[in-house]
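Peer 1: Take this structure, written in structure tokens, and hold onto it; I'll ask about it next.
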Amino acid sequence: MSYKVTLVDDRPHILASISRELTDSGMVDIVFTAHNGADFLENLKILSEDKHPQVVLMDIDMPVMNGIEAVRIAGNLYPNIQYIMLTVFDDDDKLFEALKAGAHGYLLKEERADVILRALEEVVEKKGAPMSPRIARKTLNLLINEPVQKDIDTDINKTGLTEREAEILKNMVSGLDYKQIGEKLFISPNTVRNHISKIYDKLHISSKTQAVKLAIRNKWI
């Protein structure tokens, strides 16, 4: 099986090097390469949906439009595409913003080709959210240290969440996205999105990270 992949990076030598390594593996077909987020979106727009990449390896710091903004926009327009940040950055702000934008994985460019290939398999086969070990540790620290509202009741039954909302929250903790939750519960992704908006309102939070942290800390799962 080969994976349809797009690479986005503003440095031609990086694009050429990674493209060559992935193509030589026999497991990857490069759909196209792009030099920044805007270039990526323009290329994607002219392709029919069946020609879209399954996974995009996205750099962060690029001119015109950075990778985080590109993922944020493309994630809404093309929800079936998976996005892995492939970057030299491991600072907390960029990591957190990338995850909030909808990145499905976060790898450092220092990783070997076999690690990138394994990450592609993970996101396509829905086996997990691949991260470089250093990034995984940072993510855990972000989750642990992010401030939590003090006025949330530790009993999920007293939070005002409906049974369906509680069920969706548990699936969020399991790492499922809107589409996967919808398929599991036989509802549309838009319905899932509406439920999640209500969950945020009732828990007085504004992000998936906060929701997951509350659920884990209060043992709602």
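Ligands are numbered from 1 in the order shown, residues from 1 within each chain, and chains are lettered A, B, ... in the order they appear in the structure tokens.
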Tell me, which residues of segment 8-86 of chain A carry DSSP alpha helix (DSSP H), written as a PyMOL selection string?
Peer 2: chain A and resi 12-24+37-45+67-77
Peer 1: For Asp114 of chain A, list every protein, DNA or RNA residue within 10 Å, evaluated using only C-alpha atoms, and leave out those in the same chain fewer than 3 positions away; present the list as a PyMOL selection string.
Peer 2: chain A and resi 21-22+25+111+117-120
Peer 1: Go ahead and write the selection's residues with all heavy atoms as a short mmCIF file (atom, residue, chain, number, x, y, z; two decimals), in the first residue's frame.
Peer 2:
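Just written: again.cif:
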data_model
loop_
_atom_site.label_atom_id
_atom_site.label_comp_id
_atom_site.auth_asym_id
_atom_site.auth_seq_id
_atom_site.Cartn_x
_atom_site.Cartn_y
_atom_site.Cartn_z
N GLU A 21 13.58 10.56 -0.04
CA GLU A 21 13.60 9.49 0.96
C GLU A 21 12.27 8.75 1.03
O GLU A 21 12.23 7.52 1.11
CB GLU A 21 13.95 10.06 2.34
CG GLU A 21 15.40 10.53 2.47
CD GLU A 21 15.69 11.03 3.87
OE1 GLU A 21 14.73 11.30 4.63
OE2 GLU A 21 16.88 11.18 4.21
N LEU A 22 11.17 9.50 1.00
CA LEU A 22 9.86 8.87 1.10
C LEU A 22 9.52 8.10 -0.17
O LEU A 22 8.98 6.98 -0.11
CB LEU A 22 8.79 9.93 1.38
CG LEU A 22 8.89 10.65 2.72
CD1 LEU A 22 7.75 11.66 2.88
CD2 LEU A 22 8.87 9.66 3.89
N SER A 25 11.21 4.74 -0.53
CA SER A 25 10.70 3.68 0.34
C SER A 25 9.70 2.78 -0.39
O SER A 25 9.44 1.65 0.04
CB SER A 25 10.02 4.29 1.57
OG SER A 25 8.76 4.88 1.22
N GLU A 111 13.97 13.49 12.61
CA GLU A 111 13.55 12.10 12.62
C GLU A 111 13.97 11.39 11.32
O GLU A 111 13.98 11.98 10.25
CB GLU A 111 12.02 12.00 12.77
CG GLU A 111 11.48 12.56 14.07
CD GLU A 111 11.87 11.73 15.30
OE1 GLU A 111 12.57 10.70 15.16
OE2 GLU A 111 11.46 12.11 16.41
N LEU A 117 7.59 7.47 8.03
CA LEU A 117 6.73 6.48 7.39
C LEU A 117 5.78 5.84 8.40
O LEU A 117 4.60 5.62 8.12
CB LEU A 117 7.58 5.40 6.71
CG LEU A 117 8.34 5.83 5.46
CD1 LEU A 117 9.34 4.77 5.05
CD2 LEU A 117 7.36 6.11 4.32
N ARG A 118 6.29 5.55 9.57
CA ARG A 118 5.45 4.96 10.62
C ARG A 118 4.37 5.96 11.04
O ARG A 118 3.23 5.57 11.31
CB ARG A 118 6.33 4.56 11.81
CG ARG A 118 5.77 3.42 12.63
CD ARG A 118 6.83 2.69 13.43
NE ARG A 118 7.69 3.58 14.19
CZ ARG A 118 9.00 3.64 14.05
NH1 ARG A 118 9.61 2.89 13.15
NH2 ARG A 118 9.72 4.45 14.79
N ALA A 119 4.72 7.23 11.08
CA ALA A 119 3.76 8.28 11.44
C ALA A 119 2.66 8.37 10.39
O ALA A 119 1.48 8.55 10.73
CB ALA A 119 4.47 9.62 11.60
N LEU A 120 3.04 8.27 9.11
CA LEU A 120 2.04 8.30 8.04
C LEU A 120 1.04 7.15 8.22
O LEU A 120 -0.17 7.34 8.08
CB LEU A 120 2.72 8.19 6.68
CG LEU A 120 3.60 9.37 6.25
CD1 LEU A 120 4.33 9.04 4.95
CD2 LEU A 120 2.78 10.64 6.11
#
Peer 1: Which residue gives the smallest distance to Ile73 of chain A among A:Ala113, A:Ala103, A:Asp201, A:Glu165, with only C-alpha atoms counted?
Peer 2: A:Ala103
Peer 1: Have a look at atom CA of Met58 of chain A and atom CA of Tyr83 of chain A and let me know their distance in Å, one decimal.
Peer 2: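 Between atom CA of Met58 of chain A and atom CA of Tyr83 of chain A the gap works out to 6.9 Å.
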Peer 1: May I ask for the distance between atom CA of Val124 of chain A and atom CA of Asn66 of chain A, given in Å to one decimal place?
Peer 2: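 Interatomic distance here is 23.6 Å.
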Peer 1: Out of A:Ser2, A:Thr159, A:Thr87, A:Ser174, which residue has the shortest atom-to-atom distance to Met131 of chain A when counting only C-alpha atoms?
Peer 2: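 Closest to Met131 of chain A, using only C-alpha atoms: A:Thr87.
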Peer 1: Identify, with DSSP run on backbone atoms, the residues in segment 16-110 of chain A assigned to strand (DSSP E), and express the list as number ranges by chain.
Peer 2: A: 28-34, 55-58, 82-87, 105-108
Peer 1: Might you pull out every residue within 10 Å of Leu185 of chain A, with only C-alpha atoms counted and same-chain residues fewer than 4 positions away left off, and present them as a list of chain:residue names?
Peer 2: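 Counting only C-alpha atoms, the residues come to A:Arg164, A:Glu167, A:Ile168, A:Asn171, A:Lys179, A:Gln180, A:Ile181, A:Val192.
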Peer 1: List the neighbours of Arg193 of chain A out to 12 Å using only C-alpha atoms; skip same-chain residues closer than 3 positions along the sequence, and give me the result as an MDAnalysis selection string.
Peer 2: chainID A and resid 76 165 168:169 172 177:182 187:190 196:200 208
Peer 1: Mind writing the picked residues with N, CA and C atoms as an mmCIF file, in the first residue's frame?
Peer 2:
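As a result, result05.cif now contains:
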data_model
loop_
_atom_site.group_PDB
_atom_site.id
_atom_site.type_symbol
_atom_site.label_atom_id
_atom_site.label_comp_id
_atom_site.auth_asym_id
_atom_site.auth_seq_id
_atom_site.Cartn_x
_atom_site.Cartn_y
_atom_site.Cartn_z
ATOM 1 N N ASN A 76 -10.754 22.908 8.016
ATOM 2 C CA ASN A 76 -12.183 23.173 7.869
ATOM 3 C C ASN A 76 -12.677 22.885 6.455
ATOM 4 N N GLU A 165 -23.585 14.316 25.601
ATOM 5 C CA GLU A 165 -22.416 15.180 25.718
ATOM 6 C C GLU A 165 -21.301 14.492 26.499
ATOM 7 N N ILE A 168 -19.685 12.004 24.221
ATOM 8 C CA ILE A 168 -18.797 12.658 23.260
ATOM 9 C C ILE A 168 -17.502 13.081 23.943
ATOM 10 N N LEU A 169 -17.592 13.592 25.159
ATOM 11 C CA LEU A 169 -16.397 13.984 25.896
ATOM 12 C C LEU A 169 -15.468 12.791 26.099
ATOM 13 N N MET A 172 -13.673 12.157 22.985
ATOM 14 C CA MET A 172 -12.624 13.157 22.773
ATOM 15 C C MET A 172 -11.359 12.764 23.528
ATOM 16 N N ASP A 177 -11.584 12.302 16.446
ATOM 17 C CA ASP A 177 -11.945 13.609 15.919
ATOM 18 C C ASP A 177 -13.452 13.663 15.652
ATOM 19 N N TYR A 178 -13.936 14.819 15.151
ATOM 20 C CA TYR A 178 -15.375 15.008 14.938
ATOM 21 C C TYR A 178 -15.958 13.901 14.059
ATOM 22 N N LYS A 179 -15.271 13.623 12.962
ATOM 23 C CA LYS A 179 -15.771 12.646 11.996
ATOM 24 C C LYS A 179 -15.846 11.245 12.617
ATOM 25 N N GLN A 180 -14.783 10.870 13.334
ATOM 26 C CA GLN A 180 -14.744 9.546 13.950
ATOM 27 C C GLN A 180 -15.807 9.403 15.035
ATOM 28 N N ILE A 181 -16.007 10.462 15.823
ATOM 29 C CA ILE A 181 -17.047 10.425 16.861
ATOM 30 C C ILE A 181 -18.415 10.293 16.210
ATOM 31 N N GLY A 182 -18.621 11.068 15.130
ATOM 32 C CA GLY A 182 -19.896 11.001 14.420
ATOM 33 C C GLY A 182 -20.176 9.613 13.885
ATOM 34 N N ILE A 187 -24.013 10.008 14.131
ATOM 35 C CA ILE A 187 -24.495 11.374 13.992
ATOM 36 C C ILE A 187 -23.517 12.118 13.067
ATOM 37 N N SER A 188 -23.928 13.262 12.556
ATOM 38 C CA SER A 188 -23.081 13.998 11.626
ATOM 39 C C SER A 188 -21.964 14.736 12.365
ATOM 40 N N PRO A 189 -20.838 14.999 11.677
ATOM 41 C CA PRO A 189 -19.761 15.782 12.291
ATOM 42 C C PRO A 189 -20.237 17.148 12.765
ATOM 43 N N ASN A 190 -21.185 17.746 12.053
ATOM 44 C CA ASN A 190 -21.705 19.049 12.462
ATOM 45 C C ASN A 190 -22.468 18.946 13.780
ATOM 46 N N ILE A 196 -20.024 19.626 21.142
ATOM 47 C CA ILE A 196 -18.761 20.028 21.763
ATOM 48 C C ILE A 196 -18.804 21.494 22.168
ATOM 49 N N SER A 197 -19.441 22.322 21.367
ATOM 50 C CA SER A 197 -19.596 23.732 21.715
ATOM 51 C C SER A 197 -20.376 23.871 23.026
ATOM 52 N N LYS A 198 -21.416 23.059 23.188
ATOM 53 C CA LYS A 198 -22.203 23.091 24.422
ATOM 54 C C LYS A 198 -21.398 22.569 25.607
ATOM 55 N N ILE A 199 -20.555 21.560 25.346
ATOM 56 C CA ILE A 199 -19.687 21.027 26.408
ATOM 57 C C ILE A 199 -18.764 22.136 26.915
ATOM 58 N N TYR A 200 -18.152 22.881 25.972
ATOM 59 C CA TYR A 200 -17.257 23.964 26.359
ATOM 60 C C TYR A 200 -17.994 25.013 27.192
ATOM 61 N N LYS A 208 -10.140 21.787 23.407
ATOM 62 C CA LYS A 208 -10.163 20.341 23.594
ATOM 63 C C LYS A 208 -9.163 19.931 24.672
#
Peer 1: Quick one: distance from atom CA of Arg20 of chain A to atom CA of Glu121 of chain A in Å, one decimal?
Peer 2: 18.1 Å
Peer 1: With a distance cut-off of 10 Å and only C-alpha atoms, select the neighbouring residues of Lys126 of chain A, excluding the residue or stretch itself and same-chain residues fewer than 3 positions from it, and output the selection as number ranges by chain.
Peer 2: A: 82, 104, 120-123, 129, 175-176, 180
Peer 1: Considering only C-alpha atoms, state which residue in the set A:Val173, A:Glu183, A:Val28, A:Val5 is at the smallest distance from Lys213 of chain A.
Peer 2: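 Among A:Val173, A:Glu183, A:Val28, A:Val5, it is A:Val173 that comes nearest to Lys213 of chain A.
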Peer 1: For Val8 of chain A, which residue among A:Leu107, A:Ala34, A:Val88, A:Ala211 is the nearest when counting only C-alpha atoms?
Peer 2: A:Ala34
Peer 1: Fewer than 5 positions away in the same chain doesn't count, so skip those; otherwise give me all residues within 8 Å of Asp9 of chain A, counting only C-alpha atoms, as JSON, numbers by chain.
Peer 2: {"A": [14, 15, 33, 34, 35, 36, 58, 59, 62]}
